[in-house]
Structure formats: structure tokens, C-alpha cells
Amino acid sequence: MPRSMIELPYQIEYLSILDEEGKLDKELEPDLSEDLLLEMHRAMLLSRRLDERMLNLQRQGRIGTFAPVKGQEASQIGSAAALDESDWLVQSYRDQAAAVYRGQSIESFLLVYGGFFQGNQLPEGVHNLPVAVPVGTQTLHAAGLAYAIKYRGDESAVMVYFGDGATSEGDFHEAMNFAGVFQTPVVFVCQNNQYAISIPREHQTRSKTLAQKALAYGLPGMQVDGNDILAVYVAAQEAVERARSGEGATMIECLTYRLSLHTTADDPTRYRSEEEVEQWEKRDPIPRFQNYLQEKDLLTDQKIGDLEEEIEEQIQQAVDRAEEQMKELEAEALSMFDHIYAEMPPYLEEQRQALEEVLAEKEGA
Amino acid sequence: MPKMTMVEALNLALHQEMEKDDRVIVLGEDVAVDGGVYRVTEGLLEEFGEERVIDTPLAEASIIGASIGMAVYGLRPVCEVQFSGFSYFGMHQIESHAARMRWRSRGGYHVPMVLRTPYGAGIRALEHHSESREAYYAHTPGLKMVIPSGPRNARALLVSAIRDPDPVVFYEAKAVYRAFREEVPEEEETFPIGKAQVVREGDNLTIITYGAMLQPSLEAADTLDEEDGVQAEVIDLLSISPLDHETFVNSVNKTGRVVIVNEAPRSFGPAAEITARLVEKSFWYLEAPVQRVTGYDVIVPLFAYEDVYLPDAKRIVRAAREALSA
Ligand SMILES: Cc1ncc(C[n+]2csc(CCOP(=O)(O)OP(=O)(O)O)c2C)c(N)n1
């Protein structure tokens with residue numbers, strides 16, 4: 001027959017477990033340990049308070065531009081919680097909630113956003129890649145890491161974060177295709193926060209969902225309520241399992257919202273309305289999860305109050321340490337010559353010496 | 001004449017060219033509703049509508065590749081890449097096609113597009129937002145590479161770039177965007193691409209520079225005047241490719257001493273090419289070794305050390321004294 005229909009499995013699963021009214025779907029509720037639930041809650045709260053503190057620091061000129069997480073805590077913590085230490089996390093520039101949850105220090109982020117590359121040094125044993133700023137590029141690194149894991153016969157998964165805007169970049173499509181062709185253990189986590197700077201999600205692509213892009217590459221794609229940490233966790237857990245057991249890659253689209261600024265250099269009033277933001281504030285992932293935990297008698301107002309204090313103290317200490325380090329590092333400008341190559345070539349050594357002289361002259365003056 | 005920042009002057013150029021010529025189309029990320037992250041395209045959407053002022057999907061290869069197609073069809077796309085550090089996402093389109101279409105089609109098609117993009121350090125930005133990699137483009141036959149240094153020449157050069165029959169990569173110094181105001185005439189002004197300008201005359205030494213490095217070079221020239229009684233001639237290249245060596249060769253043949261200043265990394269950067277041309281054309285006039293003041297051959301550090309990384313008036317004066325003492 002010259003014209004016939006090719007059957008395609010064309011459906012995208014949508015998952016929500018704890019909805020914005022706090023209604024719980026008991027049947028879908030995952031059986032998570034008390035410890036894990038409280039740990040995830042704490043990580044979300046820590047991220048929110050850190051965001052607020054960083055915004056303050058930025059406004060006071062103590063750090064530079066950064067991208068707030070606010071509103072996306074469930075997407076990040078819910079997905080990162082499905083990873084083991086031996087799994088990899090490939091992050092972008094708005095993922096400090098997950099990165100800190102995975103063992104990077106708060107002060108390391110303060111250093112980077114304070115203008116010191118020294119903050120990019122990862123702690124021993126933390127399998128995160130450093131922040132990738134060029135949109136979407138990191139997806140291919142995940143595909144390659146996963147290929148190597150498979151080649152070595154290891155049983156780890158790679159999770160990679162990116163935004164809705166990133167799904168327009170060629171690199172994203174190439175990464176999905178690579179992961180599909182070689183059936184590598186990647187979990188593509190798209191944090192669809194509805195905007196790429198000023199561009200709303202519906203101007204980014206005519207597709208109804210972002211998750212459906214996975215279908216074109218022969219991968220399962222699914223959409224979850226990204227402000228529902230239980231749903232994100234369940235979806236991520238399933239995808240990580242699939243990856244580890246050799247069934248290949250998955251794409252998860254987390255429907256969420258960037259409640260704050262794109263970065264501290266952005267003015268969102270130019271492209272979105274107050275009302276829209278207010279609508280999404282009602283779906284804030286943190287109070288929703290907090291209520292759930294209170295109903296389960298895992299949290300009380302008293303406990304939340306104590307936790308808030310503890311977090312404030314933790315952040316304060318990190319800020320103090322970071323500011324102290326920044327002061328010390330100010331004199332270390334010559335370190336810009338470090339880590340360019342494994343071994344410094346002679347011409348670079350010469351340039352380093354030239355700078356040393358310039359700096360000594362300044363000292364003397 | 002109204003006094004404008006470089007951002008306002010570029011905006012004026014776009015407004016006027018779009019008004020005059022319906023072939024001119026502006027496209028890029030966040031250029032329409034947001035007016036561009038630096039507001040260079042502010043107000044264009046309101047005046048010319050969304051068919052001519054296009055907020056594209058987040059994809060530099062699309063922006064640049066589609067501009068090539070538009071240009072071949074006879075439009076004059078002025079595309080914006082949000083930061084020059086992300087222009088490499090369209091490098092395959094630039095190198096493989098924009099630069100070659102005229103050659104490949106034996107003159108049948110040409111690509112009169114402008115790729116505007118902010119470059120350079122000095123504004124406390126994130127990684128990838130501070131590079132000065134004009135050499136990539138200047139190194140590519142078929143492309144023109146323009147870097148204005150202030151509001152007035154930025155406006156004039158952008159108009160010329162839009163009207164140019166060949167693809168022009170147009171680097172805008174972030175450090176200059178709002179650093180100072182200059183009188184910019186309402187009425188049309190152009191400046192020929194491929195021509196340098198002598199911005200300060202002097203007989204003792206030549207300083208060759210462009211873009212954001214013009215200001216520290218002028219500052220250095222003042223210091224040399226005040227402290228050493230030395231008159232430095234300062235040349236603002238404005239175009240990196242085609243490179244107007246006639247202007248700087250004439251100057252160096254007069255002064256015999258030269259300092260070249262560029263923000264880009266030292267090796268294989270514009271200063272290296274300028275040095276080569278001087279060796280070819282001014283060798284017998286040189287009275288001292290050529291001095292280069294450049295960025296170091298390192299990744300531009302995050303902003304805590306960017307002032308140390310960037311060439312400044314002090315380093316330029318130091319190099320000038322070196323040249324004068326030889
Ligand atoms: C390749 C590239 N182009 C442009 C930019 C500038 N930029 C930074 S973030 C951003 C929008 C990204 O949107 P999205 O992928 O939805 O992620 P979000 O920032 O919303 O988390 C843009 C255009 C960049 N960093 N990298």
C-alpha cells in the first residue's frame with residue numbers, strides 16, 4: 001500500500017501525587033522513609049533560604065550575578081534524591097539546590113558567584129560536574145558519561161538538568177539521540193519553569209509538551225508536576241532504575257515555575273504579570289510538602305521553627321567562611337594561570353612572571 | 001546634538017535603518033519583548049512589529065543559520081547573539097556558510113547579514129560572558145569583523161555594517177555600553193568598514209588599539225604626556241578585518257616606536273597580526289621592539305581577578321616606557 005499508517009505509541013504520561021490543594025493520591029503515595037522525607041524537606045528549605053540570602057548579598061554588592069532557584073526546589077531535590085552517591089549529576093547554572101544536596105558546599109557557590117573560580121573545585125567523591133552556563137551543552141556530557149559507565153559495566157546512572165529553553169538547542173537533541181542510539185543510562189530532567197529569560201514556554205516550541213520530544217528519539221518521556229516532590233521522586237526513581245538496569249535513557253519534564261528573577265540582572269515585569277506569578281505562588285512546592293509532612297505528624301510548627309533557625313545559622317556560617325576566604329583569595333590573582341594545562345608551558349610561565357612584576361609594582365606604589 | 005550611551009546610539013542606528021529599509025530584520029534571543037538583555041533593541045518591537053523584530057527560540061545556530069537564508073533571499077538580517085561566548089554555537093553556520101556563500105556560488109549569492117554580539121570583560125559577569133575572541137572571526141576569510149569604541153562610531157559603523165554586502169561580525173564592548181556619553185547626530189552618519197582612525201596625534205610613539213581598550217590607551221597617552229613629556233599617537237582600528245594597516249604603518253614610520261593593546265589573549269590575537277604587518281612594512285623604521293599589552297593566555301578569570309587580567313593604563317604606560325627606552 002502506498003499510503004498507510006505507521007502506529008506510534010503517542011501518549012505522554014502525566015504524574016501528580018500531591019496536588020496544589022494538598023490532596024494526596026494515596027494509591028500513588030511512595031513509601032519513603034521518615035529520614036528521607038525530612039531530609040528532602042530540609043534541603044528544599046535550605047535552598048529557599050540560601051536564595052534569599054544570596055539575593056541580599058547580591059543587592060549589597062557582596063556577590064555578583066546568579067540565578068535563583070526559587071520555585072524549583074521540588075524538581076531538583078525530588079530528582080536528586082533518587083540518585084546514589086555513585087551516580088552522576090550534570091548541572092546547569094540554576095541547580096544549586098541539588099548540587100548542595102549532593103554534597104557541594106554552600107560557600108563554594110558563594111565563592112563562584114563572588115567571582116572566585118576557586119569555588120568550582122568539587123569535594124572528593126562528589127560525582128557532580130561543575131556548573132555549565134552555556135545552555136544545553138551539558139546534556140551531551142551526560143550522554144558521554146553514561147556511555148562510559150556502560151562501557152565499564154558499572155551500574156550507575158547519570159542525571160542531567162536543563163531548562164525549557166534548552167530544548168531548542170541542537171545539543172539537547174543530539175544528546176537525546178546519542179543516548180537513544182546507544183541505550184545509555186541517562187535521565188534527562190527538564191525543569192520547565194515556563195520561561196527562558198523573557199521567552200514563554202509556548203514560544204519556545206509548538207509541541208504540546210516537552211516530554212514528547214523523547215518519543216522522536218525512541219525514548220520514554222513523561223511529564224510530572226514539578227512542584228510535587230513526591231511525583232518528581234517517583235518518576236526519577238523509576239527512570240534511574242531503568243537506567244541502571246540497562247534499559248536506557250528517559251526524559252522527565254518537570255512542570256514548574258521560576259518564581260524569582262531569571263538572574264539578578266533580569267527585570268521580569270517586562271514580560272510577565274504579577275497575577276501570573278501569584279497564581280504560581282499558590283503552587284509553591286515547599287508549603288505543599290510541609291503540610292503533607294505535618295499531616296503525617298513528621299513535622300510540627302515548633303520543629304519547623306527550630307529547623308529555620310538551624311538553617312539560618314548554617315547559612316550564616318557559610319557566608320562568614322566564604323567572605324573570609326574571598327578576602328584571603330584576593331591576593332591570589334596569579335592563580336589565574338593554574339589549571340590551564342596539566343603542565344604550564346614556558347611561554348605561559350613567562351606571562352605569569354610578567355604579571356607577577358606588574359602586581360609587585362602595584363604593591364610597591 | 002543629543003548625548004548618548006553606546007546602547008542608545010546602537011538603538012538609534014537600528015531604528016533609522018529599519019525605518020528606511022524594510023529589508024532590515026532584527027532577530028535573536030529576548031530582543032523583542034525584553035528589548036535585548038542590554039536593551040539595544042528596545043522599542044523596536046513596538047515600532048516595527050513581530051515580523052521584523054523576532055524573539056527566536058533559544059538556539060544560536062537557528063539565529064545565525066536562518067539569517068543566512070534570509071540574507072540570500074535579499075533581506076538584511078541583523079541578528080543578535082546574547083553574548084559573544086555563545087556565538088560559537090553558530091560557528092559552523094558562520095564558517096561553513098556565511099563566510100563562503102559568495103565564494104561557493106561564484107558571486108551568485110551573498111550574505112549581507114550583521115551578527116551583533118556583546119564581548120569583553122569588566123562588568124562582573126559569569127563565566128563565558130567576558131571573552132574577547134575576535135581572532136576567530138578575523139581569521140575567517142569572507143567575514144568582516146568590526147569593533148567600535150564609543151557611541152558615535154558604534155552608530156556609524158552599525159549603519160555601514162547593515163548596508164555592507166558581506167557578512168559582518170559586530171562586537172560591542174559591554175564595558176563601553178553605558179560607560180560614557182557622546183554627542184551623536186540625529187542625521188545619518190556612516191563610517192567605512194576597513195578604516196582606522198587617528199584619535200590622538202603624536203610624534204614619539206604609536207599606540208594601536210580598538211574597542212574597550214581605547215579608553216585605557218588614551219589614559220596612558222595622557223600619563224605619558226604629563227609624566228614623560230611624550231606625545232603618543234593613538235590609533236583606533238574600528239575594523240579588525242579588513243585591517244587598515246596603512247594608517248598604522250604611516251604612524252609607526254613616523255614615530256618608530258609602538259605599543260599594541262588588545263584585550264584578547266596574547267597568542268595569535270590581533271596584536272600578533274598587527275606586529276607581523278609592521279615587521280613586513282615598517283621594519284626599517286622601527287627603533288625599538290614592538291610592545292604588546294594583551295590579555296594573558298588563560299581562560300578569562302571570574303570577576304574577582306578580571307581587573308588584574310585586563311590591560312589597563314598602567315600596563316600600557318609601562319610598555320610604552322619600555323619602547324621609549326630602547
Ligand atoms: C548557548 C547559550 N545561549 C544563550 C545563553 C544566555 N542565557 C542564559 S540562560 C538563558 C535562558 C535559559 O532558559 P531555560 O533553558 O529555560 O532555563 P532557565 O534559565 O529558565 O532555568 C539564556 C538565553 C546561554 N547561557 N547559553
# chains A, B, ... in the order shown; residues from 1 in each chain; ligands from 1
>>> residues_around(residues="Tyr147 of chain A", least_positions_apart="3", cutoff="6 Å", atoms="only C-alpha atoms", output="JSON, numbers by chain")
{"A": [144, 150, 184]}
>>> residues_around(residues="Pro200 of chain A", least_positions_apart="5", cutoff="9 Å", atoms="only C-alpha atoms", output="PyMOL selection string")
chain A and resi 165+194-195+271-272
>>> residues_near_ligand(ligand="ligand 1", cutoff="6 Å", atoms="only C-alpha atoms and all ligand atoms", output="PyMOL selection string")
(chain A and resi 94+133-135+162-166+193+195-197+262) or (chain B and resi 58+82+86)
>>> select_by_dssp(residues="segment 74-268 of chain A", states="strand (DSSP E or B)", output="MDAnalysis selection string")
chainID A and resid 88:92 128:132 158:163 186:192 195:196 199:200 221:225 250:255
>>> select_by_dssp(residues="segment 219-258 of chain B", states="helix (DSSP H, G or I)", output="PyMOL selection string")
chain B and resi 219-228+245-255
>>> interface_residues(of="chain A", to="chain B", cutoff="8 Å", atoms="only C-alpha atoms", output="VMD selection string")
chain A and resid 64 to 66 112 to 117 133 to 134 165 to 166 168 to 170 196 to 199 203 to 205 266 270 to 271 330 333 336 to 337 340 348 351 358
>>> closest_residue(among="A:Gln58, A:Gln104, A:Thr167, A:Gln290", to="Val131 of chain A", atoms="only C-alpha atoms")
A:Gln104
>>> residues_around(residues="Ser47 of chain A", least_positions_apart="6", cutoff="12 Å", atoms="only C-alpha atoms", output="number ranges by chain")
A: 40-41, 53-54, 68-74, 76-77, 94-101, 105-106, 109, 286, 308, 311-312, 314-315
>>> residues_around(residues="Leu38 of chain A", least_positions_apart="6", cutoff="9 Å", atoms="only C-alpha atoms", output="MDAnalysis selection string")
chainID A and resid 293 298:299
>>> residues_around(residues="Leu238 of chain B", least_positions_apart="2", cutoff="9 Å", atoms="only C-alpha atoms", output="list of chain:residue names")
B:Met145, B:Val146, B:Ile147, B:Pro148, B:Ser149, B:Asn153, B:Ala154, B:Leu157, B:Ile193, B:Gly194, B:Lys195, B:Ala196, B:Gln197, B:Thr209, B:Tyr210, B:Gly211, B:Asp236, B:Ile240, B:Leu243
>>> write_last_selection(atoms="all heavy atoms", output="compact mmCIF listing (two decimals), in the first residue's frame")
# COMPACT_ATOMS: atom_id res chain seq x y z
N MET B 145 35.02 41.98 10.39
CA MET B 145 34.99 41.99 11.86
C MET B 145 35.18 43.42 12.32
O MET B 145 36.23 44.03 12.07
CB MET B 145 36.16 41.10 12.33
CG MET B 145 36.45 41.13 13.80
SD MET B 145 35.33 40.06 14.69
CE MET B 145 34.77 41.12 15.99
N VAL B 146 34.13 43.96 12.97
CA VAL B 146 34.13 45.37 13.35
C VAL B 146 33.99 45.50 14.87
O VAL B 146 33.20 44.76 15.47
CB VAL B 146 32.95 46.09 12.64
CG1 VAL B 146 32.77 47.51 13.16
CG2 VAL B 146 33.17 46.10 11.14
N ILE B 147 34.75 46.40 15.47
CA ILE B 147 34.64 46.63 16.92
C ILE B 147 34.70 48.12 17.22
O ILE B 147 35.78 48.72 17.28
CB ILE B 147 35.76 45.90 17.70
CG1 ILE B 147 35.87 44.43 17.26
CG2 ILE B 147 35.50 46.01 19.21
CD1 ILE B 147 36.82 43.60 18.08
N PRO B 148 33.54 48.74 17.40
CA PRO B 148 33.56 50.17 17.70
C PRO B 148 34.07 50.44 19.12
O PRO B 148 34.13 49.53 19.93
CB PRO B 148 32.09 50.58 17.58
CG PRO B 148 31.32 49.32 17.78
CD PRO B 148 32.19 48.20 17.29
N SER B 149 34.42 51.69 19.39
CA SER B 149 35.00 52.02 20.69
C SER B 149 34.16 53.01 21.49
O SER B 149 34.44 53.27 22.65
CB SER B 149 36.40 52.60 20.50
OG SER B 149 36.29 53.77 19.70
N ASN B 153 31.00 56.30 16.95
CA ASN B 153 31.46 55.41 15.88
C ASN B 153 30.67 54.10 15.85
O ASN B 153 30.54 53.46 14.80
CB ASN B 153 32.99 55.22 15.90
CG ASN B 153 33.52 54.65 17.19
OD1 ASN B 153 32.93 53.73 17.75
ND2 ASN B 153 34.64 55.17 17.66
N ALA B 154 30.11 53.69 16.99
CA ALA B 154 29.29 52.47 17.01
C ALA B 154 28.07 52.66 16.12
O ALA B 154 27.72 51.78 15.32
CB ALA B 154 28.86 52.14 18.44
N LEU B 157 29.20 52.89 12.39
CA LEU B 157 29.67 51.59 11.88
C LEU B 157 28.54 50.58 11.75
O LEU B 157 28.54 49.76 10.83
CB LEU B 157 30.76 51.04 12.79
CG LEU B 157 32.16 51.64 12.58
CD1 LEU B 157 33.05 51.37 13.78
CD2 LEU B 157 32.79 51.10 11.29
N ILE B 193 33.85 50.64 6.68
CA ILE B 193 34.42 49.44 7.30
C ILE B 193 35.78 49.20 6.66
O ILE B 193 35.95 49.36 5.44
CB ILE B 193 33.45 48.26 7.09
CG1 ILE B 193 32.23 48.50 7.97
CG2 ILE B 193 34.12 46.93 7.43
CD1 ILE B 193 31.13 47.51 7.81
N GLY B 194 36.75 48.85 7.51
CA GLY B 194 38.10 48.64 6.98
C GLY B 194 38.97 49.88 7.07
O GLY B 194 40.05 49.92 6.50
N LYS B 195 38.49 50.87 7.82
CA LYS B 195 39.29 52.09 8.01
C LYS B 195 39.54 52.34 9.50
O LYS B 195 38.62 52.24 10.32
CB LYS B 195 38.57 53.32 7.44
CG LYS B 195 38.74 53.45 5.96
CD LYS B 195 39.33 54.77 5.51
CE LYS B 195 40.79 55.06 5.55
NZ LYS B 195 41.76 54.36 4.77
N ALA B 196 40.79 52.67 9.81
CA ALA B 196 41.13 53.03 11.18
C ALA B 196 41.10 54.55 11.33
O ALA B 196 40.97 55.27 10.34
CB ALA B 196 42.51 52.50 11.52
N GLN B 197 41.19 54.99 12.58
CA GLN B 197 41.10 56.42 12.83
C GLN B 197 42.22 56.84 13.78
O GLN B 197 42.46 56.16 14.79
CB GLN B 197 39.75 56.70 13.50
CG GLN B 197 39.14 58.00 13.10
CD GLN B 197 37.73 58.16 13.63
OE1 GLN B 197 37.30 57.46 14.54
NE2 GLN B 197 37.00 59.11 13.09
N THR B 209 45.13 50.32 19.03
CA THR B 209 44.16 49.60 19.84
C THR B 209 42.77 49.67 19.22
O THR B 209 42.60 50.17 18.10
CB THR B 209 44.17 50.14 21.29
OG1 THR B 209 43.39 49.28 22.11
CG2 THR B 209 43.59 51.55 21.36
N TYR B 210 41.77 49.19 19.96
CA TYR B 210 40.38 49.21 19.48
C TYR B 210 39.46 48.80 20.62
O TYR B 210 39.89 48.28 21.65
CB TYR B 210 40.20 48.26 18.29
CG TYR B 210 40.60 46.84 18.60
CD1 TYR B 210 39.67 45.92 19.10
CD2 TYR B 210 41.91 46.42 18.43
CE1 TYR B 210 40.05 44.62 19.41
CE2 TYR B 210 42.30 45.13 18.74
CZ TYR B 210 41.36 44.24 19.23
OH TYR B 210 41.73 42.96 19.56
N GLY B 211 38.17 49.02 20.39
CA GLY B 211 37.14 48.57 21.33
C GLY B 211 37.31 49.14 22.72
O GLY B 211 37.67 50.31 22.89
N ASP B 236 42.74 54.10 16.63
CA ASP B 236 41.58 53.25 16.93
C ASP B 236 41.27 52.47 15.65
O ASP B 236 40.85 53.05 14.65
CB ASP B 236 40.41 54.17 17.32
CG ASP B 236 39.18 53.39 17.74
OD1 ASP B 236 39.24 52.14 17.77
OD2 ASP B 236 38.15 54.04 18.04
N ILE B 240 38.71 45.15 12.58
CA ILE B 240 39.81 44.21 12.77
C ILE B 240 40.07 43.49 11.45
O ILE B 240 41.18 43.14 11.12
CB ILE B 240 39.47 43.17 13.88
CG1 ILE B 240 39.05 43.89 15.16
CG2 ILE B 240 40.63 42.23 14.15
CD1 ILE B 240 40.05 44.88 15.67
N LEU B 243 41.82 44.77 7.95
CA LEU B 243 42.67 45.55 8.84
C LEU B 243 43.35 46.66 8.04
O LEU B 243 44.02 46.39 7.05
CB LEU B 243 43.71 44.60 9.45
CG LEU B 243 44.68 45.17 10.49
CD1 LEU B 243 43.93 45.66 11.72
CD2 LEU B 243 45.69 44.09 10.89
>>> residues_around(residues="Met70 of chain B", least_positions_apart="2", cutoff="12 Å", atoms="only C-alpha atoms", output="ChimeraX atom specification")
/B:23-27,52,62-68,72-79,98,109-114
>>> residues_around(residues="Ile316 of chain B", least_positions_apart="3", cutoff="9 Å", atoms="only C-alpha atoms", output="list in words")
Ile207, Pro216, Ser217, Ala220, Ala221, Val259, Ile260, Val261, Arg292, Val293, Pro311, Asp312, Ala313, Ala319, Ala320 and Arg321 of chain B
>>> write_last_selection(atoms="C-alpha atoms", output="short mmCIF file (atom, residue, chain, number, x, y, z; two decimals), in the first residue's frame")
data_model
loop_
_atom_site.label_atom_id
_atom_site.label_comp_id
_atom_site.auth_asym_id
_atom_site.auth_seq_id
_atom_site.Cartn_x
_atom_site.Cartn_y
_atom_site.Cartn_z
CA ILE B 207 49.56 53.13 20.43
CA PRO B 216 42.83 52.96 28.91
CA SER B 217 45.06 53.68 25.89
CA ALA B 220 48.01 56.09 29.14
CA ALA B 221 48.72 58.68 26.45
CA VAL B 259 52.63 49.61 21.68
CA ILE B 260 49.72 47.42 20.59
CA VAL B 261 46.90 46.90 23.05
CA ARG B 292 52.24 44.10 23.10
CA VAL B 293 49.88 44.68 26.03
CA PRO B 311 45.17 45.53 30.26
CA ASP B 312 44.99 48.93 31.96
CA ALA B 313 46.64 52.32 31.56
CA ALA B 319 55.16 49.03 27.87
CA ALA B 320 55.46 52.50 26.32
CA ARG B 321 58.39 53.34 28.59
#
>>> closest_residue(among="A:Ala43, A:Ser156, A:Asn120, A:Arg258", to="Gly246 of chain A", atoms="only C-alpha atoms")
A:Ser156
>>> decode(residues="segment 298-310 of chain A", atoms="all heavy atoms", output="short mmCIF file (atom, residue, chain, number, x, y, z; two decimals), in the first residue's frame")
data_model
loop_
_atom_site.label_atom_id
_atom_site.label_comp_id
_atom_site.auth_asym_id
_atom_site.auth_seq_id
_atom_site.Cartn_x
_atom_site.Cartn_y
_atom_site.Cartn_z
N LEU A 298 5.09 14.24 60.99
CA LEU A 298 6.55 14.21 60.93
C LEU A 298 7.13 15.59 61.25
O LEU A 298 8.30 15.72 61.56
CB LEU A 298 7.03 13.78 59.55
CG LEU A 298 6.72 12.33 59.18
CD1 LEU A 298 7.17 12.03 57.76
CD2 LEU A 298 7.43 11.39 60.15
N LEU A 299 6.30 16.60 61.13
CA LEU A 299 6.74 17.97 61.41
C LEU A 299 5.69 18.66 62.26
O LEU A 299 4.49 18.38 62.13
CB LEU A 299 6.88 18.75 60.11
CG LEU A 299 8.19 18.72 59.33
CD1 LEU A 299 8.07 19.66 58.14
CD2 LEU A 299 9.38 19.11 60.19
N THR A 300 6.14 19.57 63.10
CA THR A 300 5.24 20.45 63.84
C THR A 300 5.71 21.87 63.60
O THR A 300 6.82 22.09 63.12
CB THR A 300 5.32 20.17 65.35
OG1 THR A 300 6.68 20.40 65.76
CG2 THR A 300 4.90 18.75 65.69
N ASP A 301 4.88 22.84 63.96
CA ASP A 301 5.28 24.24 63.81
C ASP A 301 6.57 24.49 64.59
O ASP A 301 7.47 25.20 64.13
CB ASP A 301 4.18 25.18 64.33
CG ASP A 301 3.02 25.24 63.33
OD1 ASP A 301 3.22 24.77 62.19
OD2 ASP A 301 1.94 25.74 63.71
N GLN A 302 6.61 23.88 65.76
CA GLN A 302 7.79 24.02 66.61
C GLN A 302 9.05 23.50 65.88
O GLN A 302 10.07 24.18 65.81
CB GLN A 302 7.55 23.22 67.91
CG GLN A 302 8.76 23.13 68.82
CD GLN A 302 9.12 24.49 69.43
OE1 GLN A 302 8.23 25.29 69.75
NE2 GLN A 302 10.40 24.74 69.59
N LYS A 303 8.91 22.31 65.30
CA LYS A 303 10.06 21.71 64.60
C LYS A 303 10.48 22.56 63.40
O LYS A 303 11.66 22.72 63.12
CB LYS A 303 9.71 20.30 64.12
CG LYS A 303 9.90 19.24 65.18
CD LYS A 303 9.79 17.86 64.54
CE LYS A 303 9.71 16.78 65.61
NZ LYS A 303 9.20 15.51 65.09
N ILE A 304 9.47 23.10 62.71
CA ILE A 304 9.80 23.94 61.54
C ILE A 304 10.55 25.18 62.01
O ILE A 304 11.55 25.59 61.41
CB ILE A 304 8.52 24.31 60.76
CG1 ILE A 304 7.91 23.04 60.14
CG2 ILE A 304 8.83 25.33 59.67
CD1 ILE A 304 6.54 23.25 59.52
N GLY A 305 10.08 25.76 63.10
CA GLY A 305 10.74 26.93 63.65
C GLY A 305 12.20 26.63 64.01
O GLY A 305 13.11 27.40 63.68
N ASP A 306 12.41 25.51 64.65
CA ASP A 306 13.77 25.12 65.04
C ASP A 306 14.65 24.92 63.79
O ASP A 306 15.80 25.34 63.75
CB ASP A 306 13.76 23.81 65.84
CG ASP A 306 13.11 24.00 67.20
OD1 ASP A 306 12.90 25.18 67.59
OD2 ASP A 306 12.81 22.99 67.87
N LEU A 307 14.03 24.27 62.82
CA LEU A 307 14.76 23.99 61.58
C LEU A 307 15.16 25.30 60.89
O LEU A 307 16.29 25.45 60.41
CB LEU A 307 13.87 23.15 60.66
CG LEU A 307 14.48 22.65 59.37
CD1 LEU A 307 15.71 21.80 59.64
CD2 LEU A 307 13.45 21.85 58.56
N GLU A 308 14.23 26.25 60.87
CA GLU A 308 14.51 27.55 60.25
C GLU A 308 15.72 28.20 60.93
O GLU A 308 16.60 28.74 60.27
CB GLU A 308 13.30 28.49 60.35
CG GLU A 308 12.12 28.09 59.47
CD GLU A 308 12.21 28.62 58.04
OE1 GLU A 308 13.31 29.05 57.62
OE2 GLU A 308 11.18 28.57 57.32
N GLU A 309 15.75 28.11 62.24
CA GLU A 309 16.87 28.72 62.97
C GLU A 309 18.19 28.02 62.64
O GLU A 309 19.21 28.67 62.42
CB GLU A 309 16.63 28.63 64.48
CG GLU A 309 15.93 29.85 65.04
CD GLU A 309 15.63 29.73 66.51
OE1 GLU A 309 16.50 29.19 67.25
OE2 GLU A 309 14.53 30.14 66.92
N GLU A 310 18.09 26.72 62.61
CA GLU A 310 19.29 25.93 62.32
C GLU A 310 19.83 26.26 60.92
O GLU A 310 21.04 26.43 60.72
CB GLU A 310 18.88 24.46 62.41
CG GLU A 310 19.99 23.45 62.30
CD GLU A 310 19.39 22.04 62.17
OE1 GLU A 310 18.49 21.68 62.97
OE2 GLU A 310 19.81 21.32 61.24
#
